[in-house]
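Undergrad: Below is the file data24.cif, which contains mmCIF, C-alpha atoms and all ligand atoms.
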data_structure
loop_
_atom_site.label_atom_id
_atom_site.label_comp_id
_atom_site.auth_asym_id
_atom_site.auth_seq_id
_atom_site.Cartn_x
_atom_site.Cartn_y
_atom_site.Cartn_z
CA MET A 1 0.29 -3.10 -14.57
CA ALA A 2 -0.03 -5.38 -17.60
CA VAL A 3 3.21 -6.36 -19.35
CA ARG A 4 2.76 -5.47 -23.01
CA ARG A 5 3.26 -8.27 -25.50
CA LYS A 6 6.47 -7.76 -27.48
CA THR A 7 5.82 -6.59 -31.03
CA THR A 8 7.54 -4.88 -33.89
CA GLN A 9 6.93 -1.15 -34.13
CA VAL A 10 5.19 0.39 -37.11
CA LYS A 11 5.98 3.99 -37.97
CA LEU A 12 3.00 5.95 -39.27
CA ASN A 13 4.72 9.34 -39.30
CA ASP A 14 7.57 11.11 -37.50
CA SER A 15 5.59 11.38 -34.28
CA LEU A 16 3.29 8.38 -34.34
CA TYR A 17 4.25 4.73 -33.95
CA ILE A 18 2.11 1.68 -33.25
CA GLY A 19 3.40 -1.28 -31.27
CA SER A 20 6.43 -2.12 -29.17
CA GLU A 21 6.51 0.19 -26.15
CA HIS A 22 4.72 3.09 -27.80
CA PRO A 23 1.51 4.34 -26.23
CA ILE A 24 -1.62 2.43 -27.20
CA VAL A 25 -3.16 4.42 -30.05
CA VAL A 26 -6.85 5.36 -30.09
CA GLN A 27 -8.40 5.41 -33.52
CA SER A 28 -11.82 5.87 -35.07
CA MET A 29 -13.61 5.99 -38.39
CA THR A 30 -15.84 8.49 -40.17
CA ASN A 31 -19.34 7.62 -41.38
CA THR A 32 -19.57 10.34 -44.02
CA PRO A 33 -19.35 9.56 -47.73
CA THR A 34 -15.69 10.33 -48.41
CA SER A 35 -16.70 12.11 -51.62
CA ASP A 36 -18.46 14.70 -49.43
CA ILE A 37 -15.31 16.63 -48.66
CA GLU A 38 -16.93 19.21 -46.42
CA ALA A 39 -18.65 16.66 -44.20
CA SER A 40 -15.61 14.38 -44.11
CA VAL A 41 -13.19 17.15 -43.13
CA SER A 42 -15.59 18.24 -40.43
CA GLN A 43 -15.91 14.74 -38.99
CA VAL A 44 -12.21 13.93 -39.20
CA LYS A 45 -11.54 17.16 -37.30
CA GLN A 46 -14.13 16.30 -34.68
CA LEU A 47 -12.64 12.84 -34.11
CA TYR A 48 -9.04 14.05 -34.18
CA LEU A 49 -9.66 16.90 -31.76
CA ALA A 50 -11.48 14.49 -29.45
CA GLY A 51 -8.25 12.46 -29.31
CA SER A 52 -8.36 10.00 -32.18
CA SER A 53 -4.71 9.78 -33.24
CA VAL A 54 -5.64 8.08 -36.51
CA VAL A 55 -8.86 8.45 -38.54
CA ARG A 56 -10.04 5.92 -41.11
CA LEU A 57 -12.25 6.73 -44.08
CA THR A 58 -14.00 4.45 -46.51
CA VAL A 59 -12.52 4.64 -50.00
CA LYS A 60 -15.15 2.82 -51.98
CA ASP A 61 -15.24 4.49 -55.38
CA GLU A 62 -13.48 6.93 -57.71
CA ALA A 63 -15.13 9.97 -56.15
CA GLY A 64 -13.96 8.88 -52.70
CA ALA A 65 -10.41 8.22 -53.91
CA LYS A 66 -10.26 11.62 -55.64
CA ALA A 67 -11.48 13.32 -52.45
CA ILE A 68 -8.77 11.92 -50.17
CA PRO A 69 -5.95 14.32 -51.25
CA GLN A 70 -8.33 17.26 -50.93
CA ILE A 71 -9.43 16.19 -47.47
CA ASP A 72 -5.80 15.81 -46.47
CA ALA A 73 -4.90 19.23 -47.91
CA ARG A 74 -7.80 20.91 -46.10
CA LEU A 75 -6.71 19.40 -42.80
CA GLN A 76 -3.05 20.32 -43.35
CA ALA A 77 -4.08 23.90 -44.19
CA GLU A 78 -5.66 24.09 -40.75
CA GLY A 79 -2.48 22.78 -39.16
CA LEU A 80 -3.99 19.35 -38.47
CA ASN A 81 -1.57 16.62 -39.44
CA VAL A 82 -4.10 13.79 -39.15
CA PRO A 83 -2.88 10.35 -40.24
CA LEU A 84 -5.65 9.18 -42.58
CA VAL A 85 -6.27 5.51 -43.19
CA GLY A 86 -8.05 4.27 -46.32
CA ASP A 87 -10.49 1.41 -45.84
CA PHE A 88 -10.59 -0.70 -49.00
CA HIS A 89 -12.83 -3.57 -50.06
CA TYR A 90 -13.13 -5.28 -53.47
CA ASN A 91 -11.55 -2.53 -55.60
CA GLY A 92 -8.64 -1.20 -53.51
CA HIS A 93 -6.09 -2.42 -56.06
CA LEU A 94 -7.84 -0.44 -58.81
CA LEU A 95 -8.43 2.76 -56.84
CA LEU A 96 -4.92 2.93 -55.42
CA ASP A 97 -3.48 2.31 -58.88
CA GLN A 98 -5.70 4.82 -60.69
CA PHE A 99 -5.42 7.55 -58.05
CA PRO A 100 -1.77 7.83 -57.01
CA ASP A 101 -2.43 11.05 -55.08
CA CYS A 102 -4.88 9.12 -52.94
CA ALA A 103 -2.29 6.41 -52.36
CA ALA A 104 0.28 9.06 -51.42
CA SER A 105 -2.01 11.04 -49.11
CA LEU A 106 -3.04 8.10 -46.97
CA THR A 107 -0.84 7.02 -44.06
CA LYS A 108 -2.02 3.43 -43.98
CA TYR A 109 -4.15 1.10 -46.09
CA ARG A 110 -6.60 -1.28 -44.47
CA ILE A 111 -6.90 -4.47 -46.51
CA ASN A 112 -9.56 -7.07 -45.78
CA PRO A 113 -8.18 -10.37 -47.14
CA GLY A 114 -11.71 -11.73 -47.48
CA ASN A 115 -12.67 -8.91 -49.85
CA VAL A 116 -9.63 -8.52 -52.08
CA GLY A 117 -10.89 -10.73 -54.87
CA TYR A 118 -11.77 -14.34 -55.44
CA GLY A 119 -10.04 -17.33 -57.00
CA ASP A 120 -7.13 -16.43 -59.25
CA LYS A 121 -7.72 -12.72 -58.81
CA HIS A 122 -7.07 -12.72 -55.05
CA ASP A 123 -3.29 -12.94 -55.14
CA TYR A 124 -2.88 -10.49 -58.02
CA ASN A 125 -5.13 -7.87 -56.42
CA PHE A 126 -3.54 -8.29 -53.00
CA GLU A 127 -0.02 -8.01 -54.35
CA THR A 128 -0.96 -4.95 -56.40
CA ILE A 129 -1.93 -3.17 -53.18
CA ILE A 130 1.28 -4.34 -51.52
CA GLN A 131 3.42 -2.97 -54.36
CA ILE A 132 1.67 0.40 -54.12
CA ALA A 133 2.10 0.45 -50.33
CA LYS A 134 5.80 -0.37 -50.77
CA ALA A 135 6.31 2.27 -53.44
CA ASN A 136 4.72 4.89 -51.19
CA ASP A 137 6.39 3.63 -48.00
CA LYS A 138 3.00 3.12 -46.34
CA ALA A 139 1.90 0.78 -43.59
CA ILE A 140 -0.93 -1.69 -44.04
CA ARG A 141 -3.42 -3.25 -41.68
CA ILE A 142 -4.49 -6.73 -42.60
CA GLY A 143 -7.97 -6.51 -41.17
CA VAL A 144 -9.76 -9.86 -41.03
CA ASN A 145 -13.42 -9.66 -40.09
CA TRP A 146 -15.47 -12.73 -39.40
CA GLY A 147 -18.40 -11.29 -41.36
CA SER A 148 -16.27 -11.40 -44.49
CA LEU A 149 -13.92 -14.25 -43.71
CA ASP A 150 -12.38 -15.88 -46.78
CA GLN A 151 -14.88 -18.69 -47.46
CA ASP A 152 -12.36 -20.91 -49.26
CA LEU A 153 -10.12 -20.77 -46.22
CA LEU A 154 -13.00 -21.50 -43.87
CA THR A 155 -13.99 -24.49 -45.99
CA GLU A 156 -10.39 -25.73 -45.92
CA PHE A 157 -10.36 -25.59 -42.13
CA MET A 158 -13.79 -27.19 -41.82
CA ASP A 159 -12.65 -30.07 -44.04
CA ARG A 160 -9.49 -30.44 -42.02
CA ASN A 161 -11.31 -30.66 -38.69
CA ASP A 162 -11.41 -34.23 -37.43
CA GLY A 163 -14.22 -33.36 -35.04
CA SER A 164 -11.96 -32.34 -32.20
CA LEU A 165 -12.64 -28.62 -32.68
CA SER A 166 -15.95 -26.85 -32.21
CA PHE A 167 -17.33 -24.71 -35.03
CA LYS A 168 -16.19 -21.57 -33.21
CA GLU A 169 -12.70 -22.98 -32.72
CA VAL A 170 -12.48 -23.70 -36.45
CA ILE A 171 -13.42 -20.08 -37.11
CA TYR A 172 -10.71 -18.84 -34.74
CA GLN A 173 -8.18 -20.97 -36.59
CA ALA A 174 -9.36 -19.74 -39.99
CA MET A 175 -9.34 -16.10 -38.83
CA LYS A 176 -5.82 -16.42 -37.51
CA GLU A 177 -4.64 -18.22 -40.62
CA SER A 178 -6.22 -15.64 -42.92
CA ALA A 179 -4.32 -12.85 -41.14
CA LEU A 180 -0.99 -14.67 -40.89
CA ARG A 181 -1.00 -16.08 -44.44
CA SER A 182 -1.78 -12.60 -45.77
CA ALA A 183 1.06 -11.12 -43.73
CA GLU A 184 3.43 -13.78 -45.08
CA GLN A 185 2.23 -13.11 -48.60
CA ALA A 186 2.78 -9.37 -48.12
CA MET A 187 6.33 -9.97 -46.85
CA ALA A 188 7.05 -12.39 -49.69
CA ALA A 189 6.06 -9.55 -52.03
CA GLY A 190 8.62 -7.31 -50.34
CA MET A 191 6.56 -5.59 -47.64
CA PRO A 192 8.78 -4.94 -44.59
CA GLU A 193 7.65 -6.65 -41.42
CA ASP A 194 7.58 -3.33 -39.60
CA LYS A 195 4.89 -1.98 -41.90
CA ILE A 196 2.25 -4.56 -41.00
CA ILE A 197 -0.50 -4.39 -38.37
CA ILE A 198 -3.08 -7.12 -37.91
CA SER A 199 -6.66 -7.30 -36.69
CA VAL A 200 -9.06 -10.24 -36.39
CA LYS A 201 -12.38 -8.73 -35.44
CA MET A 202 -15.39 -10.66 -34.25
CA SER A 203 -18.66 -9.39 -32.77
CA GLU A 204 -19.06 -11.54 -29.64
CA VAL A 205 -16.96 -10.81 -26.57
CA PRO A 206 -15.74 -14.38 -25.75
CA ASP A 207 -14.93 -14.98 -29.45
CA LEU A 208 -12.90 -11.81 -29.69
CA ILE A 209 -10.88 -12.65 -26.59
CA ASN A 210 -10.20 -16.19 -27.81
CA VAL A 211 -9.19 -15.27 -31.35
CA TYR A 212 -6.86 -12.45 -30.28
CA ARG A 213 -5.20 -14.69 -27.69
CA GLU A 214 -4.53 -17.20 -30.49
CA VAL A 215 -3.08 -14.58 -32.82
CA ALA A 216 -1.02 -12.93 -30.07
CA LYS A 217 0.72 -16.26 -29.41
CA SER A 218 1.55 -16.77 -33.07
CA CYS A 219 3.16 -13.56 -34.30
CA SER A 220 4.83 -10.34 -33.26
CA PHE A 221 2.90 -7.92 -35.46
CA PRO A 222 1.21 -5.08 -33.57
CA LEU A 223 -2.49 -5.80 -33.06
CA HIS A 224 -5.40 -3.48 -33.69
CA LEU A 225 -8.17 -4.43 -31.25
CA GLY A 226 -11.84 -3.87 -31.83
CA LEU A 227 -15.13 -5.63 -31.31
CA THR A 228 -16.72 -5.38 -34.73
CA GLU A 229 -20.30 -4.15 -34.99
CA ALA A 230 -20.25 -3.56 -31.23
CA GLY A 231 -23.74 -2.09 -31.24
CA THR A 232 -25.62 0.90 -29.90
CA PRO A 233 -23.76 3.15 -27.48
CA VAL A 234 -24.34 1.57 -24.08
CA LYS A 235 -24.20 -2.04 -25.29
CA GLY A 236 -21.27 -1.26 -27.59
CA MET A 237 -19.20 0.46 -24.94
CA ILE A 238 -19.83 -2.19 -22.30
CA SER A 239 -19.13 -5.09 -24.68
CA SER A 240 -16.04 -3.43 -26.16
CA ALA A 241 -14.71 -2.53 -22.72
CA ALA A 242 -15.28 -6.10 -21.48
CA ALA A 243 -13.42 -7.66 -24.42
CA LEU A 244 -10.69 -5.08 -24.90
CA GLY A 245 -10.20 -4.66 -21.15
CA ILE A 246 -9.37 -8.32 -20.69
CA LEU A 247 -7.01 -8.39 -23.66
CA LEU A 248 -5.28 -5.15 -22.72
CA GLN A 249 -4.86 -6.41 -19.17
CA GLU A 250 -3.07 -9.42 -20.66
CA GLY A 251 -0.77 -7.06 -22.56
CA ILE A 252 -2.46 -7.70 -25.91
CA GLY A 253 -3.30 -4.73 -28.11
CA ASP A 254 -1.40 -1.79 -29.58
CA THR A 255 -4.20 0.29 -31.06
CA ILE A 256 -7.92 0.21 -30.32
CA ARG A 257 -11.25 1.29 -31.69
CA MET A 258 -14.80 1.01 -30.37
CA SER A 259 -17.16 0.53 -33.32
CA LEU A 260 -20.28 2.14 -31.86
CA THR A 261 -23.57 2.67 -33.66
CA PRO A 262 -24.33 6.30 -32.79
CA SER A 263 -27.77 7.12 -31.46
CA ALA A 264 -30.09 8.54 -34.13
CA GLY A 265 -31.18 11.31 -31.75
CA GLN A 266 -29.30 14.26 -30.33
CA GLY A 267 -26.92 14.55 -27.44
CA GLU A 268 -23.82 12.77 -26.23
CA LEU A 269 -24.85 9.29 -27.42
CA ALA A 270 -25.30 10.60 -30.98
CA ASP A 271 -21.90 12.25 -31.02
CA ARG A 272 -19.50 10.34 -33.26
CA SER A 273 -16.58 11.25 -31.01
CA LEU A 274 -18.16 9.19 -28.22
CA GLU A 275 -16.22 6.18 -29.52
CA VAL A 276 -12.96 8.11 -29.06
CA ARG A 277 -13.81 9.19 -25.52
CA ALA A 278 -14.90 5.64 -24.65
CA CYS A 279 -11.51 4.27 -25.79
CA GLN A 280 -9.72 6.91 -23.77
CA GLU A 281 -11.80 6.16 -20.67
CA LEU A 282 -11.02 2.46 -21.04
CA LEU A 283 -7.26 2.97 -21.36
CA GLN A 284 -7.30 5.43 -18.49
CA ALA A 285 -9.42 3.16 -16.27
CA LEU A 286 -6.80 0.43 -16.81
CA GLU A 287 -4.05 2.99 -16.05
CA LEU A 288 -2.43 2.20 -19.39
CA GLU A 289 -2.64 5.68 -20.91
CA TYR A 290 -3.75 9.08 -19.59
CA PHE A 291 -5.73 11.63 -21.57
CA LYS A 292 -7.48 13.99 -19.16
CA PRO A 293 -7.98 14.46 -15.43
CA SER A 294 -10.29 11.76 -14.11
CA ILE A 295 -13.32 12.49 -11.98
CA THR A 296 -14.44 10.17 -9.22
CA SER A 297 -18.08 10.85 -8.41
CA CYS A 298 -20.51 8.88 -6.33
CA PRO A 299 -23.81 7.56 -7.71
CA GLY A 300 -25.89 9.40 -5.12
CA CYS A 301 -28.38 7.69 -2.83
CA GLY A 302 -31.07 8.42 -0.26
CA ARG A 303 -28.62 10.66 1.61
CA THR A 304 -28.18 12.95 -1.38
CA SER A 305 -29.91 16.25 -0.67
CA SER A 306 -30.17 17.46 -4.27
CA THR A 307 -28.96 16.76 -7.77
CA TYR A 308 -26.39 19.51 -7.38
CA PHE A 309 -23.45 17.12 -7.06
CA GLN A 310 -24.44 15.39 -10.33
CA GLN A 311 -24.66 18.78 -11.99
CA LEU A 312 -21.28 19.77 -10.55
CA ALA A 313 -19.66 16.51 -11.72
CA GLU A 314 -21.02 17.11 -15.23
CA GLU A 315 -19.95 20.74 -15.27
CA ILE A 316 -16.43 19.87 -14.17
CA ASN A 317 -16.25 17.11 -16.78
CA GLU A 318 -17.40 19.50 -19.52
CA TYR A 319 -14.94 22.12 -18.31
CA ILE A 320 -12.10 19.57 -18.50
CA LEU A 321 -13.12 18.52 -22.04
CA GLU A 322 -13.21 22.17 -23.13
CA GLN A 323 -9.82 22.96 -21.62
CA ILE A 324 -7.79 19.79 -22.05
CA ASN A 325 -6.32 20.55 -25.49
CA THR A 326 -5.16 23.94 -24.17
CA TRP A 327 -3.91 22.59 -20.87
CA LYS A 328 -1.90 19.65 -22.17
CA PRO A 329 0.90 21.51 -23.96
CA LYS A 330 1.15 24.09 -21.16
CA TYR A 331 0.78 21.87 -18.11
CA PRO A 332 2.57 18.52 -18.40
CA GLY A 333 1.05 15.85 -16.19
CA VAL A 334 -2.37 17.51 -16.08
CA GLU A 335 -3.93 14.39 -17.62
CA LYS A 336 -3.01 12.39 -14.51
CA LEU A 337 -4.89 14.54 -12.01
CA LYS A 338 -7.61 12.92 -9.95
CA ILE A 339 -10.65 14.93 -8.96
CA ALA A 340 -13.44 13.78 -6.63
CA VAL A 341 -16.98 15.18 -6.59
CA MET A 342 -18.96 13.50 -3.83
CA GLY A 343 -22.52 13.70 -2.57
CA CYS A 344 -22.32 13.55 1.25
CA ILE A 345 -20.20 13.14 4.33
CA VAL A 346 -20.26 9.29 4.34
CA ASN A 347 -17.60 8.78 1.66
CA GLY A 348 -17.15 12.35 0.48
CA PRO A 349 -14.27 13.55 2.67
CA GLY A 350 -12.49 10.17 2.47
CA GLU A 351 -12.67 9.91 -1.31
CA SER A 352 -11.84 13.60 -1.68
CA LYS A 353 -8.71 13.14 0.42
CA TYR A 354 -7.44 10.39 -1.91
CA ALA A 355 -7.84 12.66 -4.93
CA ASP A 356 -5.55 15.53 -5.86
CA ILE A 357 -8.54 17.81 -5.46
CA GLY A 358 -11.88 16.79 -4.01
CA ILE A 359 -15.11 18.41 -2.99
CA SER A 360 -17.73 16.89 -0.71
CA LEU A 361 -21.16 18.40 -1.14
CA PRO A 362 -23.66 18.48 1.72
CA GLY A 363 -26.02 15.52 2.02
CA ASP A 364 -29.45 15.39 3.63
CA ASN A 365 -29.57 17.13 7.03
CA GLU A 366 -25.95 18.28 6.73
CA GLU A 367 -24.78 21.84 7.12
CA PRO A 368 -24.96 23.43 3.61
CA VAL A 369 -21.21 23.72 3.12
CA ALA A 370 -18.79 21.98 0.74
CA PRO A 371 -15.29 21.29 2.05
CA VAL A 372 -12.58 21.21 -0.63
CA TYR A 373 -9.51 19.05 -0.12
CA ILE A 374 -6.17 19.42 -1.87
CA GLU A 375 -3.76 16.50 -1.64
CA GLY A 376 -5.58 15.18 1.39
CA GLU A 377 -5.71 18.41 3.38
CA LEU A 378 -8.74 20.61 3.92
CA HIS A 379 -8.10 23.62 1.68
CA THR A 380 -11.26 25.67 2.07
CA THR A 381 -14.99 25.36 2.61
CA LEU A 382 -17.30 26.64 -0.09
CA ARG A 383 -20.88 27.75 0.47
CA GLY A 384 -23.57 29.70 -1.34
CA ASP A 385 -24.58 29.79 -5.00
CA ASN A 386 -21.19 30.08 -6.65
CA ILE A 387 -19.62 26.75 -5.67
CA SER A 388 -19.10 25.53 -9.25
CA GLN A 389 -17.22 28.64 -10.39
CA GLU A 390 -15.13 28.79 -7.23
CA PHE A 391 -14.22 25.11 -7.50
CA LYS A 392 -13.14 25.59 -11.14
CA GLU A 393 -10.91 28.48 -10.04
CA ILE A 394 -9.32 26.29 -7.37
CA LEU A 395 -8.77 23.61 -10.04
CA ASP A 396 -7.18 26.16 -12.42
CA ASN A 397 -4.87 27.42 -9.69
CA TYR A 398 -3.85 23.90 -8.75
CA ILE A 399 -3.05 22.99 -12.36
CA GLN A 400 -1.06 26.20 -12.90
CA SER A 401 0.97 25.71 -9.74
CA HIS A 402 1.54 21.95 -9.98
CA CYS A 403 1.78 21.07 -13.67
CA HIS A 404 4.71 22.76 -15.32
CA PRO A 405 7.61 21.65 -17.45
CA GLU A 406 10.44 21.40 -14.93
CA PRO A 407 11.31 17.70 -14.93
CA GLU A 408 11.73 17.36 -11.15
CA ARG A 409 8.37 18.97 -10.41
CA ARG A 410 6.62 16.89 -13.05
CA GLN A 411 8.10 13.70 -11.66
CA ASP A 412 6.93 14.72 -8.17
CA LEU A 413 3.45 15.19 -9.51
CA ILE A 414 3.38 11.90 -11.35
CA THR A 415 4.67 10.02 -8.32
CA SER A 416 2.24 11.67 -5.92
CA THR A 417 -0.67 11.04 -8.27
CA MET A 418 0.23 7.41 -8.84
CA GLY A 419 0.47 6.92 -5.10
CA SER A 420 -3.04 8.21 -4.47
S1 LIG B 1 -21.09 9.54 -0.82
FE1 LIG B 1 -23.01 9.89 0.32
S2 LIG B 1 -24.47 10.51 -1.26
FE2 LIG B 1 -22.77 9.56 -2.35
S3 LIG B 1 -23.44 7.43 -2.58
FE3 LIG B 1 -22.14 7.54 -0.75
S4 LIG B 1 -23.59 7.79 0.94
FE4 LIG B 1 -24.71 8.31 -0.96
#
Written as structure tokens, how would this file's structure read?
TA:
Amino acid sequence: MAVRRKTTQVKLNDSLYIGSEHPIVVQSMTNTPTSDIEASVSQVKQLYLAGSSVVRLTVKDEAGAKAIPQIDARLQAEGLNVPLVGDFHYNGHLLLDQFPDCAASLTKYRINPGNVGYGDKHDYNFETIIQIAKANDKAIRIGVNWGSLDQDLLTEFMDRNDGSLSFKEVIYQAMKESALRSAEQAMAAGMPEDKIIISVKMSEVPDLINVYREVAKSCSFPLHLGLTEAGTPVKGMISSAAALGILLQEGIGDTIRMSLTPSAGQGELADRSLEVRACQELLQALELEYFKPSITSCPGCGRTSSTYFQQLAEEINEYILEQINTWKPKYPGVEKLKIAVMGCIVNGPGESKYADIGISLPGDNEEPVAPVYIEGELHTTLRGDNISQEFKEILDNYIQSHCHPEPERRQDLITSTMGS
């Protein structure tokens, strides 16, 4: 298990903190025009219910700033206390000043130091945002992005380089310095240290790892990790998981986002909440956080007698996604369950025995039966056309009997699951 880097903790609301020993927070961002209240509420809800603890919206103009309190009120009316983050570029100081209800409704302001203003205006604009954040007791994220890195700062670092640093290394230094100087400036203007989160996003995996390692060594602010412009779903998820996985394994990172370009078509890859599920899968794969029961399923091979096991793995996964928000409050520990859905006798019984519940479907030339294992023991053997439904019932019964609030029982479950 990675040892988390020590950081300050930033309170977003009474139940959500970022940094220190608090769970690593999954976040995401809408792609609706914020002024379209209906569409924005709908997407915030989708992301939040998928597990995004924080949702960011672009606040780019007056209409967007005016819409924020209404979006917040609509969500609150539905009982959804979603921490909303405002993403500001160029005119944040004006919008936050002109629309105090917007400033009050947001939980956090994202400030890009490269886009706050140029020359003499930079410091004034930046400090205006800081004063508003202070007055409203809000957190800020100083979000440096290499696509909009402060060019004066980059020039300063290029001029300073005596040739010993590569171009990329100069960029890492300038990115780090942009974030840390801005944090110092915010604190000099009265911003408490425990209200500041930092990010230094780049779009190439090795760059991201290098720049975050540099920043992690140099400060104790919580870090928001994300590969910027990660790309289309498969490329974006793989690249983000590669970069974030390495950093998280080194204990670096307190909140994460995968910035995926959704597919233009239909289906799972076009679903905006894919970026939330991908973050959850990453944190769960690293055994850092748990969100839903995990399914181990084999890829299938020449021994597979049909596609039924793929279908069953998908059906169980969909069933879990449908049920998880209902299960979690009722059945503590349910998110740590391990389920195996396997295609034949070669690895099926073995893998199934290591799971809390496993099913091994019949492969080619095997008897058409599906043994089900619970905690390593053969529980029953399913056959016929109703295997999926019967397996879901066995899963329901297991959850009801094993995941309940008594502390001793829950601890037993956690220990037995971790041991498997
Ligand atoms: S468990 Fe059986 S079907 Fe699945 S990959 Fe292994 S050998 Fe193939």
Undergrad: Find the residues of range 92-143 of chain A that sit at most 12 Å from range 76-82 of chain A; for each, write down the nearest two atoms and how far apart they are in Å, to one decimal. Count all atoms listed in the file. Sort by chain, then by number going up, and give it as a tab-separated table.
TA:
residue	atom	partner	partner_atom	distance
A:Ser105	CA	A:Val82	CA	10.5
A:Leu106	CA	A:Val82	CA	9.7
A:Thr107	CA	A:Val82	CA	9.0
A:Lys108	CA	A:Val82	CA	11.6
Undergrad: The selected residues should be written to file as a tab-separated table (two decimals), in the frame of the given file (atoms: C-alpha atoms).
TA:
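Final output, saved to selection_17.tsv:
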chain	number	residue	atom	x	y	z
A	105	SER	CA	-2.01	11.04	-49.11
A	106	LEU	CA	-3.04	8.10	-46.97
A	107	THR	CA	-0.84	7.02	-44.06
A	108	LYS	CA	-2.02	3.43	-43.98
Undergrad: My list of candidates is A:Ile142, A:Ile394, A:Ile387, A:Ile324. Which is closest to Asp356 in chain A when distances are computed with all atoms listed in the file?
TA: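 Checking each of A:Ile142, A:Ile394, A:Ile387, A:Ile324 against Asp356 in chain A, counting all atoms listed in the file, the winner is A:Ile394.
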Undergrad: Got a sec: who's within 12 Å of range 123-136 of chain A, counting all atoms listed in the file, leaving out chain neighbours fewer than 5 positions off, as a PyMOL selection string?
TA: chain A and resi 86+88-118+141-142+181-196
Undergrad: Name the residues, using the chain letters and numbers of the file, that sit within 12 Å of (-10.3, 16.4, -39.1) when counting all atoms listed in the file, and give them as a PDB file with C-alpha atoms, keeping the file's coordinate frame.
TA:
ATOM      1  CA  SER A  28     -11.820   5.870 -35.070  1.00  0.00           C
ATOM      2  CA  MET A  29     -13.610   5.990 -38.390  1.00  0.00           C
ATOM      3  CA  THR A  30     -15.840   8.490 -40.170  1.00  0.00           C
ATOM      4  CA  ILE A  37     -15.310  16.630 -48.660  1.00  0.00           C
ATOM      5  CA  GLU A  38     -16.930  19.210 -46.420  1.00  0.00           C
ATOM      6  CA  ALA A  39     -18.650  16.660 -44.200  1.00  0.00           C
ATOM      7  CA  SER A  40     -15.610  14.380 -44.110  1.00  0.00           C
ATOM      8  CA  VAL A  41     -13.190  17.150 -43.130  1.00  0.00           C
ATOM      9  CA  SER A  42     -15.590  18.240 -40.430  1.00  0.00           C
ATOM     10  CA  GLN A  43     -15.910  14.740 -38.990  1.00  0.00           C
ATOM     11  CA  VAL A  44     -12.210  13.930 -39.200  1.00  0.00           C
ATOM     12  CA  LYS A  45     -11.540  17.160 -37.300  1.00  0.00           C
ATOM     13  CA  GLN A  46     -14.130  16.300 -34.680  1.00  0.00           C
ATOM     14  CA  LEU A  47     -12.640  12.840 -34.110  1.00  0.00           C
ATOM     15  CA  TYR A  48      -9.040  14.050 -34.180  1.00  0.00           C
ATOM     16  CA  LEU A  49      -9.660  16.900 -31.760  1.00  0.00           C
ATOM     17  CA  ALA A  50     -11.480  14.490 -29.450  1.00  0.00           C
ATOM     18  CA  GLY A  51      -8.250  12.460 -29.310  1.00  0.00           C
ATOM     19  CA  SER A  52      -8.360  10.000 -32.180  1.00  0.00           C
ATOM     20  CA  SER A  53      -4.710   9.780 -33.240  1.00  0.00           C
ATOM     21  CA  VAL A  54      -5.640   8.080 -36.510  1.00  0.00           C
ATOM     22  CA  VAL A  55      -8.860   8.450 -38.540  1.00  0.00           C
ATOM     23  CA  ARG A  56     -10.040   5.920 -41.110  1.00  0.00           C
ATOM     24  CA  LEU A  57     -12.250   6.730 -44.080  1.00  0.00           C
ATOM     25  CA  ILE A  71      -9.430  16.190 -47.470  1.00  0.00           C
ATOM     26  CA  ASP A  72      -5.800  15.810 -46.470  1.00  0.00           C
ATOM     27  CA  ALA A  73      -4.900  19.230 -47.910  1.00  0.00           C
ATOM     28  CA  ARG A  74      -7.800  20.910 -46.100  1.00  0.00           C
ATOM     29  CA  LEU A  75      -6.710  19.400 -42.800  1.00  0.00           C
ATOM     30  CA  GLN A  76      -3.050  20.320 -43.350  1.00  0.00           C
ATOM     31  CA  ALA A  77      -4.080  23.900 -44.190  1.00  0.00           C
ATOM     32  CA  GLU A  78      -5.660  24.090 -40.750  1.00  0.00           C
ATOM     33  CA  GLY A  79      -2.480  22.780 -39.160  1.00  0.00           C
ATOM     34  CA  LEU A  80      -3.990  19.350 -38.470  1.00  0.00           C
ATOM     35  CA  ASN A  81      -1.570  16.620 -39.440  1.00  0.00           C
ATOM     36  CA  VAL A  82      -4.100  13.790 -39.150  1.00  0.00           C
ATOM     37  CA  PRO A  83      -2.880  10.350 -40.240  1.00  0.00           C
ATOM     38  CA  LEU A  84      -5.650   9.180 -42.580  1.00  0.00           C
ATOM     39  CA  SER A 273     -16.580  11.250 -31.010  1.00  0.00           C
TER      40      SER A 273
END
Undergrad: At a cut-off of 12 Å around ligand LIG 1 (chain B), and using only C-alpha atoms and all ligand atoms, what residues come up? Please write them as an NGL selection string.
TA: :A and (296-310 or 340-352 or 359-366)
Undergrad: Just the residues within 10 Å of Ala2 in chain A, please, counting only C-alpha atoms, with nothing from its chain fewer than 4 positions along; format it as a ChimeraX atom specification.
TA: /A:247-252,286-288
Undergrad: Which value, in Å to one decimal, gives the distance between CA of Ile197 in chain A and CA of Lys138 in chain A?
TA: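 Answer for the CA of Ile197 in chain A to CA of Lys138 in chain A separation: 11.5 Å.
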Undergrad: Leaving out range 156-170 of chain A and any residue of its chain fewer than 3 positions from it, which residues lie within 9 Å of it when counting only C-alpha atoms, given as a list in words?
TA: Gln151, Asp152, Leu153, Gln173, Ala174, Met175, Asp207, Asn210 and Val211 of chain A
Undergrad: Give me, please, the distance in Å between CA of Asp137 in chain A and CA of Val10 in chain A, quoted to one decimal.
TA: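 The value is 11.4 Å.
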Undergrad: Could you check how far CA of Ser178 in chain A sits from CA of Pro23 in chain A, in Å to one decimal?
TA: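 Result for CA of Ser178 in chain A versus CA of Pro23 in chain A: 27.2 Å, one decimal.
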